[in-house]
$ cat upload-v5.txt   # compact mmCIF, C-alpha atoms
# COMPACT_ATOMS: atom_id res chain seq x y z
CA MET A 16 -18.88 -1.28 -63.62
CA ALA A 17 -15.51 -0.24 -62.22
CA TYR A 18 -14.42 1.33 -65.51
CA LYS A 19 -17.57 3.48 -65.49
CA ALA A 20 -16.84 4.79 -62.01
CA PHE A 21 -13.20 5.28 -62.99
CA SER A 22 -13.97 7.27 -66.15
CA ARG A 23 -16.65 9.27 -64.31
CA GLY A 24 -14.18 10.09 -61.56
CA ILE A 25 -11.54 11.25 -64.03
CA PHE A 26 -13.94 13.43 -66.00
CA TYR A 27 -15.49 14.80 -62.84
CA GLU A 28 -12.14 15.82 -61.39
CA PHE A 29 -11.28 17.35 -64.78
CA GLN A 30 -14.29 19.66 -64.54
CA ALA A 31 -14.29 20.38 -60.81
CA PRO A 32 -11.45 22.97 -60.86
CA VAL A 33 -13.30 24.90 -63.57
CA TRP A 34 -16.48 25.08 -61.46
CA SER A 35 -14.45 26.06 -58.43
CA GLY A 36 -12.56 28.68 -60.46
CA LEU A 37 -15.77 30.16 -61.85
CA SER A 38 -17.23 30.32 -58.34
CA GLN A 39 -14.11 32.07 -57.07
CA ILE A 40 -14.28 34.56 -59.94
CA ARG A 41 -17.88 35.27 -58.89
CA ASP A 42 -16.70 35.85 -55.32
CA LEU A 43 -14.00 38.19 -56.60
CA GLN A 44 -16.64 40.06 -58.59
CA THR A 45 -18.69 40.48 -55.40
CA TYR A 46 -15.55 41.64 -53.58
CA TRP A 47 -14.79 44.31 -56.20
CA ALA A 48 -18.42 45.37 -56.27
CA GLY A 49 -18.16 45.83 -52.49
CA ILE A 50 -14.86 47.68 -52.63
CA ILE A 51 -16.26 50.46 -54.82
CA GLN A 52 -18.97 51.24 -52.28
CA SER A 53 -18.63 54.58 -50.52
CA ASN A 54 -17.03 54.79 -47.07
CA LYS A 55 -20.28 56.11 -45.63
CA GLN A 56 -22.19 53.06 -46.89
CA LEU A 57 -19.51 50.71 -45.54
CA PHE A 58 -19.61 52.51 -42.19
CA GLU A 59 -23.40 52.09 -42.02
CA GLU A 60 -23.14 48.39 -42.86
CA GLY A 61 -20.34 48.00 -40.28
CA LYS A 62 -22.61 49.54 -37.65
CA ASP A 63 -25.39 47.08 -38.54
CA LEU A 64 -22.96 44.18 -38.33
CA ALA A 65 -21.68 45.38 -34.94
CA ARG A 66 -25.25 45.35 -33.63
CA LEU A 67 -25.80 41.87 -35.01
CA ASN A 68 -22.50 40.67 -33.49
CA ALA A 69 -23.52 42.00 -30.08
CA ALA A 70 -26.85 40.16 -30.33
CA TYR A 71 -25.12 36.96 -31.46
CA ARG A 72 -22.67 37.15 -28.54
CA ILE A 73 -25.64 37.13 -26.15
CA PHE A 74 -27.18 34.20 -28.03
CA GLN A 75 -23.85 32.38 -27.88
CA GLN A 76 -23.67 32.78 -24.11
CA ARG A 77 -27.24 31.51 -23.75
CA ASN A 78 -26.44 28.63 -26.06
CA GLU A 79 -23.38 27.67 -24.01
CA ALA A 80 -25.41 27.81 -20.80
CA LEU A 81 -28.11 25.59 -22.35
CA GLN A 82 -25.49 23.16 -23.66
CA ASN A 83 -23.97 22.87 -20.18
CA GLU A 84 -27.41 22.27 -18.75
CA ILE A 85 -28.05 19.52 -21.33
CA HIS A 86 -24.69 17.85 -20.50
CA ARG A 87 -25.48 18.05 -16.77
CA LEU A 88 -28.92 16.51 -17.27
CA GLU A 89 -27.48 13.79 -19.52
CA LYS A 90 -25.05 12.85 -16.73
CA VAL A 91 -27.64 13.00 -13.96
CA LEU A 92 -30.33 11.09 -15.86
CA LYS A 93 -27.79 8.77 -17.54
CA ILE A 94 -29.30 9.24 -21.01
CA PRO A 95 -27.25 8.87 -24.22
CA PRO A 96 -25.79 12.19 -25.39
CA LEU A 97 -27.24 14.09 -28.34
CA PRO A 98 -25.40 13.66 -31.66
CA GLN A 99 -22.54 16.13 -32.03
CA HIS A 100 -21.55 17.72 -35.31
CA ARG A 101 -18.54 19.50 -36.72
CA ILE A 102 -19.55 22.40 -38.97
CA VAL A 103 -17.85 23.00 -42.32
CA VAL A 104 -18.97 26.17 -44.08
CA ALA A 105 -18.73 25.94 -47.87
CA ARG A 106 -19.39 28.07 -50.91
CA VAL A 107 -21.65 26.82 -53.69
CA ALA A 108 -19.83 26.34 -56.98
CA ARG A 109 -22.68 25.19 -59.22
CA ARG A 110 -26.45 24.81 -59.07
CA GLU A 111 -28.44 22.29 -61.09
CA LEU A 112 -32.14 22.71 -60.46
CA ASN A 113 -34.46 20.97 -62.88
CA ALA A 114 -37.41 18.60 -62.90
CA TRP A 115 -35.16 15.51 -62.92
CA TRP A 116 -32.56 16.35 -60.31
CA GLN A 117 -31.89 19.21 -57.91
CA GLU A 118 -28.25 19.37 -56.91
CA LEU A 119 -25.61 21.77 -55.70
CA THR A 120 -21.87 21.39 -56.05
CA ILE A 121 -19.96 22.81 -53.10
CA ARG A 122 -16.28 23.69 -52.88
CA VAL A 123 -15.29 21.22 -50.14
CA GLY A 124 -14.64 17.52 -50.41
CA THR A 125 -12.57 14.79 -48.82
CA ASP A 126 -9.84 17.42 -48.26
CA LYS A 127 -12.04 18.93 -45.51
CA GLY A 128 -13.31 15.60 -44.19
CA ILE A 129 -16.74 15.66 -45.81
CA ILE A 130 -18.63 12.36 -45.52
CA ALA A 131 -21.36 11.15 -47.89
CA GLY A 132 -24.80 11.33 -46.27
CA SER A 133 -23.95 14.33 -44.05
CA ALA A 134 -26.61 16.95 -43.46
CA VAL A 135 -26.34 20.31 -45.23
CA ILE A 136 -28.04 23.37 -43.75
CA TYR A 137 -28.19 27.15 -44.18
CA GLY A 138 -29.73 30.17 -42.52
CA ASP A 139 -33.28 29.21 -43.49
CA GLY A 140 -33.01 25.56 -42.41
CA VAL A 141 -32.40 22.33 -44.29
CA VAL A 142 -30.61 22.40 -47.66
CA GLY A 143 -30.17 18.70 -48.30
CA ARG A 144 -27.78 15.82 -47.93
CA ILE A 145 -24.30 15.10 -49.29
CA LYS A 146 -24.75 12.69 -52.20
CA GLU A 147 -21.21 12.33 -53.57
CA VAL A 148 -17.85 13.38 -52.22
CA HIS A 149 -14.87 14.12 -54.45
CA GLU A 150 -11.37 15.41 -53.76
CA THR A 151 -12.16 19.12 -53.54
CA SER A 152 -15.89 19.22 -54.16
CA SER A 153 -19.09 17.50 -53.09
CA VAL A 154 -22.53 17.10 -54.61
CA VAL A 155 -25.51 17.99 -52.41
CA GLU A 156 -28.92 16.50 -53.11
CA LEU A 157 -31.35 19.33 -52.40
CA VAL A 158 -34.33 19.05 -50.08
CA SER A 159 -36.50 19.84 -53.13
CA SER A 160 -35.16 16.87 -55.11
CA ARG A 161 -37.68 14.14 -55.95
CA SER A 162 -35.41 11.43 -54.56
CA PHE A 163 -34.90 13.22 -51.22
CA ARG A 164 -36.82 11.78 -48.25
CA MET A 165 -36.48 12.40 -44.55
CA ALA A 166 -38.30 12.00 -41.27
CA ALA A 167 -39.78 15.24 -39.97
CA THR A 168 -42.13 16.60 -37.33
CA PHE A 169 -44.35 19.63 -37.06
CA GLU A 170 -43.16 22.30 -34.65
CA GLY A 171 -44.66 21.64 -31.23
CA ASP A 172 -45.65 18.07 -32.12
CA THR A 173 -43.49 15.00 -31.60
CA ARG A 174 -45.25 12.60 -33.97
CA PRO A 175 -43.09 11.78 -37.02
CA VAL A 176 -44.19 12.44 -40.59
CA THR A 177 -42.56 11.66 -43.94
CA TYR A 178 -41.21 14.43 -46.13
CA GLN A 179 -40.33 14.02 -49.81
CA GLY A 180 -39.01 16.65 -52.20
CA GLN A 181 -40.82 17.43 -55.43
CA PHE A 182 -39.38 20.09 -57.78
CA ASN A 183 -39.79 23.79 -58.47
CA TYR A 184 -42.30 25.39 -60.81
CA THR A 185 -40.95 27.41 -63.72
CA LEU A 186 -40.39 30.98 -62.46
CA GLY A 187 -41.64 29.80 -59.05
CA THR A 188 -40.38 28.44 -55.77
CA SER A 189 -39.48 24.90 -54.74
CA PHE A 190 -41.85 22.64 -52.87
CA GLY A 191 -42.04 19.22 -51.33
CA HIS A 192 -44.71 16.86 -50.08
CA VAL A 193 -45.50 15.68 -46.58
CA ARG A 194 -47.51 12.54 -45.80
CA ASP A 195 -48.46 10.32 -42.85
CA VAL A 196 -49.62 13.44 -41.01
CA PRO A 197 -51.94 12.74 -38.04
CA SER A 198 -55.45 13.82 -38.99
CA ASP A 199 -55.92 16.05 -35.94
CA LEU A 200 -53.39 18.57 -37.29
CA ARG A 201 -54.87 21.51 -39.20
CA ALA A 202 -53.10 23.93 -41.53
CA SER A 203 -54.35 26.90 -43.51
CA GLU A 204 -52.98 29.78 -45.60
CA GLY A 205 -53.41 32.12 -42.64
CA VAL A 206 -51.91 29.79 -40.06
CA PRO A 207 -49.39 27.53 -41.81
CA LEU A 208 -47.67 24.72 -39.92
CA ARG A 209 -43.86 24.75 -39.68
CA LEU A 210 -42.33 21.45 -40.74
CA VAL A 211 -39.01 20.85 -38.99
CA SER A 212 -36.34 18.16 -39.08
CA SER A 213 -36.43 15.20 -36.76
CA ARG A 214 -33.58 13.25 -35.18
CA LEU A 215 -35.27 9.99 -36.22
CA GLY A 216 -33.48 9.90 -39.57
CA GLY A 217 -30.15 10.04 -37.76
CA VAL A 218 -28.70 12.66 -40.11
CA PHE A 219 -30.26 16.00 -39.20
CA PRO A 220 -30.39 17.61 -35.78
CA GLU A 221 -33.83 18.31 -34.43
CA GLY A 222 -35.81 21.47 -35.13
CA LEU A 223 -34.31 22.77 -38.40
CA LEU A 224 -36.93 24.36 -40.62
CA ILE A 225 -37.83 22.45 -43.79
CA GLY A 226 -40.78 24.51 -44.98
CA LEU A 227 -44.33 25.67 -44.38
CA VAL A 228 -47.46 23.60 -44.88
CA SER A 229 -50.53 25.67 -45.62
CA GLY A 230 -53.02 22.92 -46.42
CA LEU A 231 -53.60 19.27 -45.54
CA GLU A 232 -55.97 16.81 -47.20
CA PRO A 233 -56.90 13.22 -46.30
CA ASP A 234 -54.74 10.64 -48.08
CA THR A 235 -56.05 7.64 -50.04
CA ASN A 236 -56.56 5.37 -47.01
CA GLY A 237 -58.21 8.13 -44.98
CA LEU A 238 -56.15 7.47 -41.84
CA PHE A 239 -53.66 10.27 -42.31
CA THR A 240 -53.45 13.55 -44.17
CA GLU A 241 -50.93 14.89 -46.67
CA GLY A 242 -50.05 18.20 -48.26
CA ASN A 243 -47.51 20.29 -50.09
CA VAL A 244 -44.60 21.94 -48.29
CA ARG A 245 -43.56 25.41 -49.44
CA LEU A 246 -39.77 25.69 -49.23
CA SER A 247 -37.85 28.92 -48.74
CA GLU A 248 -37.34 31.13 -51.80
CA ARG A 249 -33.71 31.57 -50.77
CA LEU A 250 -33.08 27.89 -51.51
CA LEU A 251 -32.92 28.70 -55.23
CA ASP A 252 -30.41 31.50 -54.75
CA ILE A 253 -28.20 29.82 -52.20
CA ARG A 254 -24.48 30.67 -52.26
CA GLU A 255 -23.20 29.41 -48.91
CA VAL A 256 -24.06 26.33 -46.86
CA ALA A 257 -22.87 24.52 -43.75
CA VAL A 258 -22.14 20.80 -43.74
CA LEU A 259 -22.77 18.98 -40.45
CA ILE A 260 -20.27 16.17 -40.07
CA PRO A 261 -21.23 13.79 -37.27
CA ILE A 262 -18.70 13.37 -34.48
CA GLU A 263 -18.51 9.92 -32.90
CA VAL A 264 -20.04 10.13 -29.42
CA THR A 265 -17.40 7.79 -28.03
CA VAL A 266 -14.75 10.41 -28.75
CA SER A 267 -14.48 13.05 -26.06
CA THR A 268 -15.86 16.26 -27.48
CA SER A 269 -13.45 18.37 -25.45
CA ASP A 270 -10.54 17.72 -27.83
CA GLN A 271 -12.72 18.09 -30.95
CA SER A 272 -12.61 21.66 -32.14
CA GLU A 273 -16.10 23.16 -32.19
CA GLU A 274 -14.78 26.04 -34.29
CA PRO A 275 -16.39 25.93 -37.72
CA ILE A 276 -14.18 25.48 -40.76
CA TYR A 277 -14.72 28.14 -43.40
CA ASP A 278 -14.05 27.65 -47.07
CA PHE A 279 -12.95 31.09 -48.30
CA MET B 26 -6.22 9.79 -88.44
CA ILE B 27 -6.52 9.02 -84.75
CA PHE B 28 -3.82 11.49 -83.76
CA ASP B 29 -5.28 14.34 -85.73
CA PHE B 30 -5.03 17.65 -83.89
CA ARG B 31 -8.46 18.68 -85.20
CA TRP B 32 -10.49 16.47 -82.84
CA ILE B 33 -8.53 17.84 -79.88
CA ALA B 34 -9.37 21.39 -80.96
CA VAL B 35 -13.03 20.48 -81.48
CA PHE B 36 -13.17 18.69 -78.11
CA LEU B 37 -11.71 21.74 -76.35
CA VAL B 38 -14.37 23.90 -78.00
CA ASN B 39 -17.01 21.41 -76.82
CA CYS B 40 -15.58 21.56 -73.27
CA PHE B 41 -15.80 25.33 -73.34
CA ALA B 42 -19.40 25.14 -74.59
CA VAL B 43 -20.33 22.64 -71.85
CA PHE B 44 -18.92 24.98 -69.17
CA CYS B 45 -20.74 27.95 -70.71
CA PHE B 46 -24.03 26.01 -70.68
CA GLN B 47 -23.42 25.00 -67.04
CA MET B 48 -22.76 28.63 -66.13
CA LEU B 49 -25.94 29.64 -67.94
CA ASN B 50 -27.97 27.09 -65.96
CA ASP B 51 -26.37 28.24 -62.72
CA THR B 52 -27.39 31.81 -63.53
CA LEU B 53 -30.93 30.76 -64.43
CA ALA B 54 -31.34 28.56 -61.31
CA PRO B 55 -33.00 31.28 -59.16
CA HIS B 56 -35.65 31.68 -61.89
CA SER B 57 -36.36 27.93 -61.97
CA VAL B 58 -35.51 27.63 -65.64
CA TYR B 59 -33.24 24.88 -66.90
CA LEU B 60 -31.80 24.50 -70.38
CA ILE B 61 -30.72 21.22 -71.93
CA LEU B 62 -28.41 22.03 -74.82
CA LEU B 63 -27.10 18.69 -75.99
CA GLY B 64 -27.96 18.86 -79.71
CA PRO B 65 -25.32 21.41 -80.81
CA LEU B 66 -22.53 19.53 -79.01
CA LEU B 67 -23.25 16.33 -80.92
CA VAL B 68 -24.25 17.63 -84.33
CA ILE B 69 -21.80 20.44 -85.20
CA PRO B 70 -18.50 18.53 -84.62
CA ALA B 71 -19.63 15.72 -86.93
CA PHE B 72 -19.39 18.17 -89.86
CA TYR B 73 -15.75 19.00 -89.16
CA LEU B 74 -14.13 15.72 -88.16
CA GLY B 75 -13.16 12.45 -89.81
CA ALA B 76 -14.57 9.06 -88.82
CA TYR B 77 -12.13 8.38 -85.96
CA GLY B 78 -12.04 11.96 -84.83
CA THR B 79 -15.81 12.22 -84.57
CA ILE B 80 -16.08 8.99 -82.55
CA ILE B 81 -13.33 10.04 -80.12
CA ASN B 82 -14.73 13.55 -79.78
CA THR B 83 -18.29 12.32 -79.19
CA THR B 84 -17.16 9.70 -76.66
CA LEU B 85 -15.13 12.24 -74.70
CA THR B 86 -17.93 14.82 -74.80
CA ALA B 87 -20.43 12.19 -73.64
CA LEU B 88 -18.14 11.14 -70.75
CA LEU B 89 -17.74 14.78 -69.78
CA TRP B 90 -21.53 15.12 -69.72
CA ILE B 91 -22.05 11.87 -67.79
CA ALA B 92 -19.55 13.01 -65.14
CA ALA B 93 -21.37 16.30 -64.62
CA TYR B 94 -24.96 15.06 -64.66
CA PRO B 95 -26.70 12.03 -63.12
CA VAL B 96 -27.71 10.55 -66.48
CA ASN B 97 -27.77 6.86 -67.37
CA ALA B 98 -24.43 6.17 -69.06
CA ASN B 99 -25.71 2.95 -70.64
CA VAL B 100 -28.24 4.94 -72.65
CA PHE B 101 -26.48 8.27 -73.06
CA LEU B 102 -23.23 7.08 -74.65
CA PRO B 103 -24.91 4.89 -77.30
CA PHE B 104 -27.40 7.69 -78.00
CA CYS B 105 -24.56 10.15 -78.64
CA LEU B 106 -22.70 7.71 -80.88
CA ILE B 107 -25.84 6.88 -82.89
CA VAL B 108 -26.60 10.58 -83.44
CA ASN B 109 -23.01 11.21 -84.42
CA THR B 110 -22.91 8.30 -86.85
CA PHE B 111 -26.20 9.41 -88.40
CA VAL B 112 -24.94 12.96 -88.97
CA PHE B 113 -21.53 11.75 -90.17
CA LEU B 114 -23.01 9.37 -92.74
CA ASN B 115 -25.46 11.95 -94.06
CA ARG B 116 -23.23 15.00 -94.02
CA SER B 117 -22.48 14.76 -97.75
CA ARG B 118 -26.15 15.58 -98.38
CA LEU B 119 -26.06 18.55 -96.06
CA VAL B 120 -24.44 21.94 -96.53
CA ARG B 121 -22.12 22.60 -93.61
CA ASN B 122 -22.22 26.36 -93.83
CA LEU B 123 -26.00 26.47 -93.86
CA ASN B 124 -27.06 27.02 -90.27
CA THR B 125 -30.69 26.04 -90.89
CA GLN B 126 -29.79 22.41 -91.61
CA ILE B 127 -27.55 22.15 -88.55
CA ILE B 128 -30.16 23.84 -86.37
CA THR B 129 -32.89 21.48 -87.61
CA ILE B 130 -30.88 18.36 -86.77
CA ALA B 131 -29.68 19.73 -83.40
CA PHE B 132 -33.25 20.76 -82.60
CA ALA B 133 -34.53 17.23 -83.33
CA VAL B 134 -31.71 15.56 -81.36
CA ASN B 135 -32.33 17.81 -78.36
CA LEU B 136 -36.06 17.17 -78.50
CA ILE B 137 -35.54 13.39 -78.65
CA TRP B 138 -33.22 13.47 -75.62
CA ILE B 139 -35.59 15.63 -73.54
CA THR B 140 -38.53 13.37 -74.46
CA TRP B 141 -36.52 10.26 -73.58
CA MET B 142 -35.49 11.72 -70.22
CA ALA B 143 -39.06 12.74 -69.43
CA LEU B 144 -40.49 9.33 -70.35
CA THR B 145 -37.87 7.35 -68.43
CA ALA B 146 -37.92 9.52 -65.29
CA PRO B 147 -38.89 7.76 -62.05
CA ASP B 148 -42.53 7.55 -60.94
CA ASN B 149 -44.64 10.23 -59.32
CA LYS B 150 -45.07 12.28 -62.48
CA SER B 151 -47.73 14.80 -61.56
CA PRO B 152 -49.34 17.17 -64.11
CA ALA B 153 -47.32 20.00 -62.49
CA TRP B 154 -44.11 18.03 -63.11
CA TRP B 155 -45.04 17.63 -66.78
CA GLY B 156 -45.75 21.36 -66.88
CA ARG B 157 -42.22 22.07 -65.70
CA ILE B 158 -40.81 19.62 -68.29
CA VAL B 159 -42.78 21.28 -71.09
CA MET B 160 -41.66 24.77 -70.05
CA ASP B 161 -38.01 23.69 -69.78
CA GLY B 162 -38.36 21.93 -73.12
CA ILE B 163 -39.69 25.07 -74.80
CA PHE B 164 -36.93 27.25 -73.33
CA SER B 165 -34.30 24.66 -74.25
CA GLN B 166 -35.45 24.35 -77.84
CA ILE B 167 -35.40 28.13 -78.27
CA ALA B 168 -31.94 28.24 -76.71
CA VAL B 169 -30.72 25.43 -79.00
CA ILE B 170 -31.28 27.68 -82.02
CA ILE B 171 -29.14 30.45 -80.52
CA ALA B 172 -26.55 28.00 -79.16
CA CYS B 173 -26.21 26.35 -82.58
CA ILE B 174 -25.49 29.62 -84.35
CA TRP B 175 -23.03 30.70 -81.65
CA LEU B 176 -21.22 27.37 -81.32
CA HIS B 177 -20.92 26.92 -85.07
CA SER B 178 -19.39 30.38 -85.55
CA PHE B 179 -17.16 29.91 -82.51
CA LEU B 180 -15.91 26.52 -83.73
CA GLN B 181 -15.17 27.92 -87.18
CA ALA B 182 -13.32 30.89 -85.66
CA CYS B 183 -11.27 28.61 -83.38
CA LEU B 184 -10.35 26.24 -86.20
CA LYS B 185 -9.32 29.16 -88.37
CA LEU B 186 -7.25 30.53 -85.51
CA VAL B 187 -5.22 27.34 -85.25
CA HIS B 188 -5.04 27.02 -89.08
CA LEU B 189 -7.25 23.90 -89.22
CA LEU B 190 -9.84 25.46 -91.50
CA PRO B 191 -10.11 24.96 -94.44
CA GLU B 192 -9.17 21.31 -94.01
CA THR B 193 -5.92 20.20 -95.61
CA ASP B 194 -6.19 16.52 -94.79
CA ASP B 195 -8.77 14.10 -93.39

$ encode --input "upload-v5.txt" --output "structure tokens"
Amino acid sequence: MAYKAFSRGIFYEFQAPVWSGLSQIRDLQTYWAGIIQSNKQLFEEGKDLARLNAAYRIFQQRNEALQNEIHRLEKVLKIPPLPQHRIVVARVARRELNAWWQELTIRVGTDKGIIAGSAVIYGDGVVGRIKEVHETSSVVELVSSRSFRMAATFEGDTRPVTYQGQFNYTLGTSFGHVRDVPSDLRASEGVPLRLVSSRLGGVFPEGLLIGLVSGLEPDTNGLFTEGNVRLSERLLDIREVAVLIPIEVTVSTSDQSEEPIYDF
Amino acid sequence: MIFDFRWIAVFLVNCFAVFCFQMLNDTLAPHSVYLILLGPLLVIPAFYLGAYGTIINTTLTALLWIAAYPVNANVFLPFCLIVNTFVFLNRSRLVRNLNTQIITIAFAVNLIWITWMALTAPDNKSPAWWGRIVMDGIFSQIAVIIACIWLHSFLQACLKLVHLLPETDD
């Protein structure tokens, strides 16, 4: 079996620079497309970004205050601290989305300290989990992949449910499946339930959006309900993700840089 | 000849084609369409290489494919070698410059591989999942026809460029 892994490793590393190169060419294309925009348009976009930055600064201050409050309560109540993560932002080099597997290749690997099994997120919530790590690239198993499972909860409810990815319809969006849902929960097209990540799996932080559930039906044993989870449309067009690398709680977090690492 | 330059040239063309197909799938990803274009990569080189060259080229192409996709190597490599041997042994009955014959074989090979992958996929095959497989299969088979014509012309052009066509030895 070792020769298989060896040959796979060699051929993978042979291809990885090409994927990375193509991704960088795409970034350059976006850069040149941006550079030919008029000054007026750039000025308008700069103004929008300045507004967003101001809003984010306020959120950051609130976040810091809440973090301090959490640390204080952890000390006072002597409860174990919440899992800490280091964030590595990475560009997507390649997307493979089919009925058999749903994977992304990102442009960071062992060179940036990526660990297999780490959580991968983006602006709309959960992206997936790191499946393989190579020298300068990693493979992410998407949340819509059939082999992807995780513990989840519904927003505002603490009872755990099981989420499993499915696939994406041709010319449609991705979806997953949720089961072991308590039968007192109701979901409809008008009032969908938000399925969020749970800390129970030990990989994802709590409260990250997975998708929306707009219908639940009793399962085969009649004790629980199950239903399909509609994932974000942006998942198919994703170009940038953040990898959450767990930091050992025994290590003092003060000397661990909380600054995200960007892959540009 | 094992150290024939021709198989290296053909393998480089195959590498380029694999990267092009990967780029195509990356571009089509937001539309939830996926193309499996294996047939042309296995069939066309068998018309241009000797016995050793075709085995080496097919093995390397298969390893390249296995590294990029989570396919079962124990099935994929023998499948590629069987297809290659079949085409190699029957190529005297086929006209190399006739695209229809190449397309027909590549079409059949591609269809067999897609069917095999669909039948051996893990459980939980819902009707919707089969629908996706059928749609991808239809798109792939249409794309195989175009890919065959393109790859065949491209391979011929590349071999002419490096003065390996028409063949002088083999």

$ interface_residues --input "upload-v5.txt" --of "chain B" --to "chain A" --cutoff "9 Å" --atoms "all atoms listed in the file" --output "ChimeraX atom specification"
/B:44,47-48,50-52,54-60,85,88-95,98,142-143,146-147,149,153-158,160-161

$ atom_distance --input "upload-v5.txt" --atom1 "atom CA of Ile163 of chain B" --atom2 "atom CA of Arg121 of chain B"
25.9 Å

$ atom_distance --input "upload-v5.txt" --atom1 "atom CA of Pro98 of chain A" --atom2 "atom CA of Ile129 of chain A"
16.7 Å

$ atom_distance --input "upload-v5.txt" --atom1 "atom CA of Cys183 of chain B" --atom2 "atom CA of Thr86 of chain B"
17.6 Å

$ residues_around --input "upload-v5.txt" --residues "segment 129-141 of chain B" --least-positions-apart "4" --cutoff "12 Å" --atoms "only C-alpha atoms" --output "MDAnalysis selection string"
(chainID A and resid 113:115) or (chainID B and resid 59:72 96:97 100:102 104:109 111:113 115:116 119 121 123:125 145:146 155 158:174 176:177)

$ closest_residue --input "upload-v5.txt" --among "A:Ala70, A:Ala257, A:Leu200, A:Ile40" --to "Ile145 of chain A" --atoms "all atoms listed in the file"
A:Ala257

$ residues_around --input "upload-v5.txt" --residues "segment 202-215 of chain A" --least-positions-apart "3" --cutoff "6 Å" --atoms "all atoms listed in the file" --output "PyMOL selection string"
chain A and resi 166-170+219-230

$ closest_residue --input "upload-v5.txt" --among "B:Ala182, B:Ile128, B:Leu190, B:Leu144" --to "Tyr73 of chain B" --atoms "all atoms listed in the file"
B:Leu190

$ closest_residue --input "upload-v5.txt" --among "B:Thr110, B:Ile33, B:Phe46, B:Leu53" --to "Ala76 of chain B" --atoms "only C-alpha atoms"
B:Thr110

$ decode --input "upload-v5.txt" --residues "segment 139-152 of chain B" --atoms "C-alpha atoms" --output "compact mmCIF listing (two decimals), in the first residue's frame"
# COMPACT_ATOMS: atom_id res chain seq x y z
CA ILE B 139 -19.27 6.37 -15.86
CA THR B 140 -21.58 3.34 -15.52
CA TRP B 141 -19.01 1.51 -13.40
CA MET B 142 -18.55 4.51 -11.12
CA ALA B 143 -22.31 4.96 -10.74
CA LEU B 144 -22.90 1.27 -9.95
CA THR B 145 -20.04 1.02 -7.45
CA ALA B 146 -20.77 4.30 -5.64
CA PRO B 147 -21.55 4.04 -1.92
CA ASP B 148 -25.12 3.54 -0.69
CA ASN B 149 -27.87 6.11 -0.38
CA LYS B 150 -28.52 6.36 -4.11
CA SER B 151 -31.72 8.35 -4.33
CA PRO B 152 -33.63 8.88 -7.62
